[in-house]
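These notes are about the structure you will find just below.
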Amino acid sequence: LLARTIIYDKNDENISNNNSSFIFIVSIYGLLQEETGLNDFSISLSGHGATTVVQLTDSNILTSDPSWDFNKSTSCTVASRSIKEGKFEWRRNVCTTSKNDSHKMVKGEGDNFVTVDRIGVIRAWSGKRLIWDAPPSKNPVSNIWIIHNGARKVVCATDGTSLLVYNAVNGRKLGNLDATQFREGSKKRTWLSVFATGSEITALVGKVDENGMTNGKHMLMVPLIFSEEKTVDLGKSASMTHSTDQFLVSTMRIQLRKERAYLLALTGRDNKLVHFSLSSSGSKISFSTVLDHPLWTSIDIIEPVNENLVRIIGQDNRYSPTKITTALFHFDGVKAWNQWYGGEEETQFENVGYCLDTNLMLAVSNGKLMAFDTSIIKIPFNGLNVVGEVPANDVILMEVVRCDQDSMSVLITTSKLTMTLFEVGSKENNAVKVNVLWTVEDGLSSVTSALLLDSTDHVVSTEVDQADISKLSLASRLKGQVEAAVSLYQNILPSPDKRNEDFGFVKLAVLLSQEIHRVWGIATTGEKRGLVDWTLDLPENAAWHSLVHGTSNSPSIVHGINGGTHSPFFLALSASDDQMDWACVDGTTGEVASSGSKSLTSPVVQTIPLFGGVGSCRQVAVLIHEDKTASIVPPDSKSMDFVFKNLNKTTNGFYSHVIDKMSNKLEALKLTKDTGEDKLKIQRVGQTSFPGEDIVEVSYPHRDEIIQSPCSILGDDSILLKYLNPHIAVIITISTGGNQEVTSDPIITALAETKTELKGSKDKRKPTGASQPGDVGATSSSNNAGEVPNLFVNVVDTVSGHVLYRVSHANASPDSTISALIVENWILYTFLNKKSRRMELGVLTLYEGMIDKTGLTAFTRPEQSLSFSSLERRESAKPVVLSKTYAVVRPVTALGVTSTRAGISTRQILIATIDDRITAVSRNLLEPRRPTGKVKEHEKQEGLFQYTPLVPLITMTSPSYNLTVTNVKHIISATTGLESQSLILAFGGPDIFFSRLSPSRGFDLLPESFNKILLMIVVVGLALVLFIVNKMSKKKVVKQGWT
């Protein structure tokens, strides 16, 4: 680093230059540029809902989901993709707030557009770049326009009575025009629309009643006069002499055609679409025609296709409100009629697209793409043959991207958030040919849950029945050995795909969206890495969906829960009010092996996974209903027998639980077989209630977690015994009264008083874990004196319903994201502290106790109970908890952890933050036993260092390096065949990220640059030398014997 210092003397005006050189040597561990994209991928999506607005530029497509009704929430997102490949370019948030906001969008020239949010902030954009923004007005903005009239470009916005005019280039405010000056009697007039006609910019003002209705008799046309001082004023108004039925102001749209402007709106009496021709002189509105069909109830889009055609998209009262109707109308300056004509028969189009150069109109009806020749004005029903397939189910919008004499490119967006660009050739032999250019699944931005499944062909379930093992005959084993010997040469130089299979890297990500009612399968390795391999649509009438995979807790839990399986099959459950639909799906191919439905007499409140069935699906689920009854899916006799067999695996019985977030309670349940009947019986074992609190987060241990050691060895050779209870759950609650000074809850009041007494006490205790082993004890939250806690972290045993530990925090924001994670005997949770305005990370570690270094020798052993039961209520059965609270510099959106095959490698905590990054943090940084005082020698041997509240999020330890991973809500991980490698998947927002991590580096993995050929040459050479030397040695021995 070269620094130059310039010294300037005022008196003698001399300048001297001093050059200084500094050398900084920093040891870092990062990702090399050539390594990016090899073991990871990122899928960037638009991040908005169903596309309702498309804006075309020379090379990009801008999409968004605005709404003209601020009562409807939108995504507040505008995104861009390349037209050529559909590649994601950029995405921008156009609202002030990030939650429950709404936006309107008006298209301009090129990539220019203007947005306004619910608060009323107006923003002008040039592509992804914000040009300017304007502060909100006193009242919410009801409408906005971009007007281009020659060299003058303005943005107009109104809240009803005020018309704000801005320079579209620099955002300068030109004027604030008041509509109250046009008062007529006791009724005020409001601004209805602004448009350009000829060389003038004209505003439309009228009286609007309480129902949002107006008519032409009460409307005025007022020209806007722009002065040289860059201000705007009102010209002389012209009244409208024509009277007509009232129409809805919210449905008014202005269409410009040559030097004329046309107004289209819905009448309030019979829901007919009326069309007015606005005189360029501004003297009157002349009635043109009434369009009887369709019978519009609302209009979403009115836009001209060319000077003679206009496309109207909205809802028709003859059909379902979720159905979109599109009509194409023809104008000749005197009258207008429906471009589609079918005689007495009517056909509803979900959307239409029109290309003047090819004389083709495309229409979608009931998921089928149809093409028609528009060389004649009235089109008969018999259309052209369409050669090729386009996914056109539930089409919301069809946009013509390119139109020339040879072909046309059309973009289709659906309610499943699938975006497809296809090319349509010109008419030939009464047929047109379509070709799909690219398809994007934007619905992946709404993923709520996911699985990582083994997709290797030779993967076998770990729970193979003994009967299946006995089928492996001698002949089959010999055949396998011969095949292995034949492939020996191939394994010397294995391909990347073969290596991935052998090491267990071949995974397939299965992702579920509750909102879109769809499941996707995405490959994580090979050429299709990051691409959608298959899709599965679920019933849209379902209240919720669930992916069931794996099994319940293993009977032997010495090294973890072991509830994961290597089976590629999973159950997709879809529950409605009175029915449960299920499908047994092969996750590697997306094929449905079996499916069915089951009637429900009571809602499902809990699902228990079991694997190993021999019925219609190896994956089985036990459903617990609200009325405390149970059922089995698939509902066949073999699956039922398998469930009954599992009930008898454990001596103490089969337990589950139900969490009711409405009544804020947990019920512990025991499942048994009803004597005399082939059905399950449920008995309540215990219950825990949280009165005055709302459950906001629930977390469980990872089902496939592997624990290598049940204890931790300290630096002084003492042993801390981990509390490994597979049945615990962390339930985080928020007090319903918030952070109040006075509360009627005696428990909360007692906690606050206890904190006050402890604060005033002169008895100072030693920090937890700072010195002697015997200092381990109960810890308390870091609340200040007199502060009433409002966030509670409850560690609950789900078998008995007992609360094992409870800690409280004050000043927690209930509106922020609260995350929780259980890792072995660790519990981590995050919340936003409103007082300190920072994200806090709480860490709890659970232990059974401690064994001193002299307590376990060849001659002494501690007294221990070898049995454990969750139903015991003795205090010794509860864990000893150590706790620390840390601060994170950025708000946290999700927590995750790496997992490895045997649990030997270091576990890294994955933290997703609001700055669109995922950071890996070592557990040593979060150790609650970090001393607050000087670090002692035996603590240094453990890797402990002095406690500091701030957790550094180092960029070099970010698995996502420079990628943008926005609004991550979930992070899951999976093991591989190598102990050093772990796979992670982050999802929940508009970006999906997958990566392979090495928490303890690749100690068991040879690098790809390893010279295997040289190794084989050396081994063969050594073997040859050994053989020759051996022969020479034998000859020498024989020769010496004869002499």
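Convention: chains lettered A, B, ... in structure tokens order; per-chain residue numbering from 1; ligands numbered from 1 as shown.
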Residue contacts of Ser64 of chain A (7 Å, only C-alpha atoms) excluding same-chain residues fewer than 6 positions away, as a list of chain:residue names =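 Selected residues are A:His48, A:Thr51, A:Thr52, A:Val53, A:Val54, A:Thr77, A:Val78, A:Ala79.
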Output all heavy atoms for every residue in that selection, as an mmCIF file, in the first residue's frame.
```cif
data_model
loop_
_atom_site.group_PDB
_atom_site.id
_atom_site.type_symbol
_atom_site.label_atom_id
_atom_site.label_comp_id
_atom_site.auth_asym_id
_atom_site.auth_seq_id
_atom_site.Cartn_x
_atom_site.Cartn_y
_atom_site.Cartn_z
ATOM 1 N N HIS A 48 -41.294 -11.587 -7.294
ATOM 2 C CA HIS A 48 -42.624 -10.991 -7.163
ATOM 3 C C HIS A 48 -43.683 -12.044 -7.454
ATOM 4 O O HIS A 48 -43.382 -13.177 -7.855
ATOM 5 C CB HIS A 48 -42.796 -9.782 -8.072
ATOM 6 C CG HIS A 48 -42.479 -10.027 -9.514
ATOM 7 N ND1 HIS A 48 -43.234 -10.869 -10.311
ATOM 8 C CD2 HIS A 48 -41.497 -9.564 -10.320
ATOM 9 C CE1 HIS A 48 -42.746 -10.889 -11.529
ATOM 10 N NE2 HIS A 48 -41.682 -10.122 -11.574
ATOM 11 N N THR A 51 -47.030 -12.119 -12.586
ATOM 12 C CA THR A 51 -46.687 -10.951 -13.396
ATOM 13 C C THR A 51 -47.934 -10.372 -14.051
ATOM 14 O O THR A 51 -48.658 -11.064 -14.764
ATOM 15 C CB THR A 51 -45.669 -11.334 -14.481
ATOM 16 O OG1 THR A 51 -44.497 -11.856 -13.853
ATOM 17 C CG2 THR A 51 -45.296 -10.134 -15.318
ATOM 18 N N THR A 52 -48.168 -9.098 -13.784
ATOM 19 C CA THR A 52 -49.300 -8.401 -14.395
ATOM 20 C C THR A 52 -48.859 -7.244 -15.279
ATOM 21 O O THR A 52 -49.665 -6.708 -16.033
ATOM 22 C CB THR A 52 -50.253 -7.872 -13.317
ATOM 23 O OG1 THR A 52 -49.519 -7.040 -12.405
ATOM 24 C CG2 THR A 52 -50.899 -9.016 -12.556
ATOM 25 N N VAL A 53 -47.577 -6.847 -15.173
ATOM 26 C CA VAL A 53 -47.045 -5.766 -16.001
ATOM 27 C C VAL A 53 -45.733 -6.223 -16.599
ATOM 28 O O VAL A 53 -44.851 -6.726 -15.892
ATOM 29 C CB VAL A 53 -46.842 -4.475 -15.190
ATOM 30 C CG1 VAL A 53 -46.058 -3.449 -16.001
ATOM 31 C CG2 VAL A 53 -48.179 -3.884 -14.786
ATOM 32 N N VAL A 54 -45.601 -6.078 -17.912
ATOM 33 C CA VAL A 54 -44.372 -6.392 -18.633
ATOM 34 C C VAL A 54 -43.957 -5.165 -19.417
ATOM 35 O O VAL A 54 -44.764 -4.587 -20.157
ATOM 36 C CB VAL A 54 -44.558 -7.591 -19.584
ATOM 37 C CG1 VAL A 54 -43.324 -7.792 -20.442
ATOM 38 C CG2 VAL A 54 -44.856 -8.854 -18.793
ATOM 39 N N THR A 77 -41.586 -5.420 -5.899
ATOM 40 C CA THR A 77 -40.383 -5.811 -6.621
ATOM 41 C C THR A 77 -40.568 -5.611 -8.113
ATOM 42 O O THR A 77 -41.608 -5.942 -8.676
ATOM 43 C CB THR A 77 -40.042 -7.283 -6.340
ATOM 44 O OG1 THR A 77 -39.840 -7.464 -4.940
ATOM 45 C CG2 THR A 77 -38.782 -7.699 -7.078
ATOM 46 N N VAL A 78 -39.530 -5.071 -8.741
ATOM 47 C CA VAL A 78 -39.432 -4.988 -10.196
ATOM 48 C C VAL A 78 -38.156 -5.726 -10.585
ATOM 49 O O VAL A 78 -37.094 -5.499 -9.995
ATOM 50 C CB VAL A 78 -39.393 -3.536 -10.696
ATOM 51 C CG1 VAL A 78 -39.229 -3.491 -12.213
ATOM 52 C CG2 VAL A 78 -40.654 -2.799 -10.284
ATOM 53 N N ALA A 79 -38.253 -6.640 -11.540
ATOM 54 C CA ALA A 79 -37.112 -7.470 -11.925
ATOM 55 C C ALA A 79 -36.891 -7.382 -13.425
ATOM 56 O O ALA A 79 -37.782 -6.992 -14.190
ATOM 57 C CB ALA A 79 -37.330 -8.920 -11.503
#
```
request  = List the neighbours of segment 724-734 of chain A out to 7 Å using only C-alpha atoms; skip same-chain residues closer than 6 positions along the sequence, and give me the result as a PyMOL selection string.
outcome  = chain A and resi 561+693-701+790-799+814+824-825
task = Write out as a count of residues only all residues of segment 537-629 of chain A that DSSP puts in strand (DSSP E or B) for this structure's backbone.
result = 45
Tell me which protein, DNA and RNA residues are within 9 Å of Lys853 of chain A, counting only C-alpha atoms, leaving out same-chain ones fewer than 2 positions away, and put them as a PDB file with all heavy atoms, in the first residue's frame.
```
ATOM      1  N   ASP A 716      -8.518 -28.926  31.491  1.00  0.00           N
ATOM      2  CA  ASP A 716      -7.905 -29.495  32.694  1.00  0.00           C
ATOM      3  C   ASP A 716      -8.250 -30.975  32.836  1.00  0.00           C
ATOM      4  O   ASP A 716      -8.177 -31.524  33.948  1.00  0.00           O
ATOM      5  CB  ASP A 716      -8.352 -28.717  33.931  1.00  0.00           C
ATOM      6  CG  ASP A 716      -9.852 -28.732  34.106  1.00  0.00           C
ATOM      7  OD1 ASP A 716     -10.545 -29.245  33.202  1.00  0.00           O
ATOM      8  OD2 ASP A 716     -10.351 -28.218  35.126  1.00  0.00           O
ATOM      9  N   ASP A 717      -8.660 -31.627  31.741  1.00  0.00           N
ATOM     10  CA  ASP A 717      -8.977 -33.050  31.682  1.00  0.00           C
ATOM     11  C   ASP A 717     -10.272 -33.411  32.403  1.00  0.00           C
ATOM     12  O   ASP A 717     -10.550 -34.594  32.609  1.00  0.00           O
ATOM     13  CB  ASP A 717      -7.828 -33.904  32.242  1.00  0.00           C
ATOM     14  CG  ASP A 717      -6.596 -33.816  31.365  1.00  0.00           C
ATOM     15  OD1 ASP A 717      -6.759 -33.559  30.159  1.00  0.00           O
ATOM     16  OD2 ASP A 717      -5.472 -33.991  31.874  1.00  0.00           O
ATOM     17  N   SER A 718     -11.053 -32.414  32.790  1.00  0.00           N
ATOM     18  CA  SER A 718     -12.384 -32.696  33.300  1.00  0.00           C
ATOM     19  C   SER A 718     -13.322 -32.996  32.131  1.00  0.00           C
ATOM     20  O   SER A 718     -13.018 -32.689  30.970  1.00  0.00           O
ATOM     21  CB  SER A 718     -12.913 -31.519  34.112  1.00  0.00           C
ATOM     22  OG  SER A 718     -12.058 -31.247  35.206  1.00  0.00           O
ATOM     23  N   ILE A 719     -14.460 -33.596  32.444  1.00  0.00           N
ATOM     24  CA  ILE A 719     -15.404 -34.013  31.410  1.00  0.00           C
ATOM     25  C   ILE A 719     -16.763 -33.395  31.690  1.00  0.00           C
ATOM     26  O   ILE A 719     -17.280 -33.491  32.812  1.00  0.00           O
ATOM     27  CB  ILE A 719     -15.516 -35.548  31.360  1.00  0.00           C
ATOM     28  CG1 ILE A 719     -14.176 -36.175  30.971  1.00  0.00           C
ATOM     29  CG2 ILE A 719     -16.579 -35.971  30.353  1.00  0.00           C
ATOM     30  CD1 ILE A 719     -14.194 -37.681  30.970  1.00  0.00           C
ATOM     31  N   ILE A 851     -17.630 -34.444  35.414  1.00  0.00           N
ATOM     32  CA  ILE A 851     -16.763 -35.409  36.084  1.00  0.00           C
ATOM     33  C   ILE A 851     -15.384 -34.786  36.193  1.00  0.00           C
ATOM     34  O   ILE A 851     -14.774 -34.419  35.188  1.00  0.00           O
ATOM     35  CB  ILE A 851     -16.694 -36.739  35.316  1.00  0.00           C
ATOM     36  CG1 ILE A 851     -18.098 -37.358  35.189  1.00  0.00           C
ATOM     37  CG2 ILE A 851     -15.753 -37.709  36.007  1.00  0.00           C
ATOM     38  CD1 ILE A 851     -18.126 -38.628  34.380  1.00  0.00           C
ATOM     39  N   GLY A 855     -12.089 -37.918  38.984  1.00  0.00           N
ATOM     40  CA  GLY A 855     -13.291 -38.700  39.241  1.00  0.00           C
ATOM     41  C   GLY A 855     -13.422 -39.922  38.373  1.00  0.00           C
ATOM     42  O   GLY A 855     -14.262 -40.792  38.638  1.00  0.00           O
ATOM     43  N   LEU A 856     -12.635 -40.018  37.303  1.00  0.00           N
ATOM     44  CA  LEU A 856     -12.700 -41.166  36.406  1.00  0.00           C
ATOM     45  C   LEU A 856     -11.280 -41.636  36.125  1.00  0.00           C
ATOM     46  O   LEU A 856     -10.558 -41.069  35.311  1.00  0.00           O
ATOM     47  CB  LEU A 856     -13.413 -40.779  35.091  1.00  0.00           C
ATOM     48  CG  LEU A 856     -13.622 -41.917  34.083  1.00  0.00           C
ATOM     49  CD1 LEU A 856     -14.481 -43.020  34.683  1.00  0.00           C
ATOM     50  CD2 LEU A 856     -14.268 -41.378  32.814  1.00  0.00           C
ATOM     51  N   THR A 857     -10.890 -42.667  36.867  1.00  0.00           N
ATOM     52  CA  THR A 857      -9.561 -43.248  36.717  1.00  0.00           C
ATOM     53  C   THR A 857      -9.699 -44.760  36.660  1.00  0.00           C
ATOM     54  O   THR A 857     -10.810 -45.301  36.586  1.00  0.00           O
ATOM     55  CB  THR A 857      -8.652 -42.839  37.892  1.00  0.00           C
ATOM     56  OG1 THR A 857      -9.187 -43.378  39.112  1.00  0.00           O
ATOM     57  CG2 THR A 857      -8.535 -41.328  38.010  1.00  0.00           C
TER      58      THR A 857
END
```
request  = Counting only C-alpha atoms, figure out which residue out of A:Met398, A:Val482, A:Val432, A:Val519 gets nearest to Asp533 of chain A.
outcome  = A:Val519
query = In Å, with one decimal, what is the gap from atom CA of Asn143 of chain A to atom CA of Phe70 of chain A?
reply =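 Between atom CA of Asn143 of chain A and atom CA of Phe70 of chain A the gap is 10.7 Å.
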query = Which residues come within 9 Å of Ala134 of chain A, counting only C-alpha atoms, excluding same-chain residues fewer than 2 positions away, as a list of chain:residue names?
reply =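 Contacts, with the query itself left out: A:Gly120, A:Val121, A:Ile122, A:Arg123, A:Ala124, A:Trp132, A:Pro136, A:Ser137, A:Tyr166, A:Gly171, A:Arg172, A:Lys173.
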For the residues in that selection, give me N, CA, C and O atoms as an mmCIF file, in the first residue's frame.
```cif
data_model
loop_
_atom_site.group_PDB
_atom_site.id
_atom_site.type_symbol
_atom_site.label_atom_id
_atom_site.label_comp_id
_atom_site.auth_asym_id
_atom_site.auth_seq_id
_atom_site.Cartn_x
_atom_site.Cartn_y
_atom_site.Cartn_z
ATOM 1 N N GLY A 120 -46.774 6.703 -0.229
ATOM 2 C CA GLY A 120 -46.906 7.828 -1.145
ATOM 3 C C GLY A 120 -45.592 8.324 -1.700
ATOM 4 O O GLY A 120 -45.546 9.380 -2.342
ATOM 5 N N VAL A 121 -44.493 7.586 -1.496
ATOM 6 C CA VAL A 121 -43.193 7.990 -2.030
ATOM 7 C C VAL A 121 -43.144 7.646 -3.514
ATOM 8 O O VAL A 121 -43.356 6.499 -3.909
ATOM 9 N N ILE A 122 -42.867 8.651 -4.346
ATOM 10 C CA ILE A 122 -42.773 8.480 -5.791
ATOM 11 C C ILE A 122 -41.312 8.278 -6.148
ATOM 12 O O ILE A 122 -40.448 9.042 -5.722
ATOM 13 N N ARG A 123 -41.037 7.251 -6.949
ATOM 14 C CA ARG A 123 -39.666 6.951 -7.364
ATOM 15 C C ARG A 123 -39.622 6.805 -8.871
ATOM 16 O O ARG A 123 -40.447 6.105 -9.453
ATOM 17 N N ALA A 124 -38.634 7.457 -9.490
ATOM 18 C CA ALA A 124 -38.406 7.351 -10.929
ATOM 19 C C ALA A 124 -37.152 6.522 -11.152
ATOM 20 O O ALA A 124 -36.111 6.761 -10.520
ATOM 21 N N TRP A 132 -34.572 9.551 -9.140
ATOM 22 C CA TRP A 132 -34.978 10.500 -8.101
ATOM 23 C C TRP A 132 -36.193 9.960 -7.369
ATOM 24 O O TRP A 132 -36.858 9.030 -7.846
ATOM 25 N N PRO A 136 -43.613 11.812 0.298
ATOM 26 C CA PRO A 136 -45.059 11.580 0.196
ATOM 27 C C PRO A 136 -45.858 12.845 0.471
ATOM 28 O O PRO A 136 -45.422 13.749 1.179
ATOM 29 N N SER A 137 -47.040 12.904 -0.121
ATOM 30 C CA SER A 137 -47.960 14.008 0.132
ATOM 31 C C SER A 137 -48.750 13.721 1.402
ATOM 32 O O SER A 137 -48.583 12.692 2.052
ATOM 33 N N TYR A 166 -44.036 16.801 -11.653
ATOM 34 C CA TYR A 166 -42.590 16.734 -11.486
ATOM 35 C C TYR A 166 -41.924 16.652 -12.852
ATOM 36 O O TYR A 166 -42.485 16.108 -13.814
ATOM 37 N N GLY A 171 -36.648 15.171 -11.350
ATOM 38 C CA GLY A 171 -37.524 15.101 -10.192
ATOM 39 C C GLY A 171 -37.888 16.437 -9.585
ATOM 40 O O GLY A 171 -38.478 16.476 -8.489
ATOM 41 N N ARG A 172 -37.580 17.527 -10.272
ATOM 42 C CA ARG A 172 -37.917 18.844 -9.737
ATOM 43 C C ARG A 172 -39.429 19.032 -9.725
ATOM 44 O O ARG A 172 -40.119 18.720 -10.696
ATOM 45 N N LYS A 173 -39.941 19.545 -8.617
ATOM 46 C CA LYS A 173 -41.375 19.775 -8.485
ATOM 47 C C LYS A 173 -41.755 21.040 -9.233
ATOM 48 O O LYS A 173 -41.264 22.127 -8.942
#
```
Top pick for closest residue to Arg518 of chain A, considering A:Lys416, A:Gly550, A:Ser735, A:Ala887 and counting only C-alpha atoms =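 Among A:Lys416, A:Gly550, A:Ser735, A:Ala887, it is A:Lys416 that comes nearest to Arg518 of chain A.
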inquiry  = Env of Leu369 of chain A: 12 Å cut, atoms = only C-alpha atoms, seq-sep filter 2 positions within chain, self excluded. Answer as a count of residues only.
reply    = 35
inquiry  = Using only C-alpha atoms, which protein or nucleic acid residues come within 12 Å of Ser867 of chain A? Drop anything in the same chain fewer than 4 positions from it, and give the result as JSON, numbers by chain.
reply    = {"A": [871, 872, 877]}
query = Which polymer residues have any atom within 10 Å of an atom of Asp209 of chain A, counting only C-alpha atoms, with same-chain residues fewer than 2 positions away left out, as a ChimeraX atom specification?
reply = /A:187-189,206-207,211-214,248-249
message = From the options A:Leu985, A:Ala265, A:Leu804, A:Leu397, which residue's atoms come nearest to Val880 of chain A, counting only C-alpha atoms?
response =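 Among the listed residues, A:Leu804 lies closest to Val880 of chain A.
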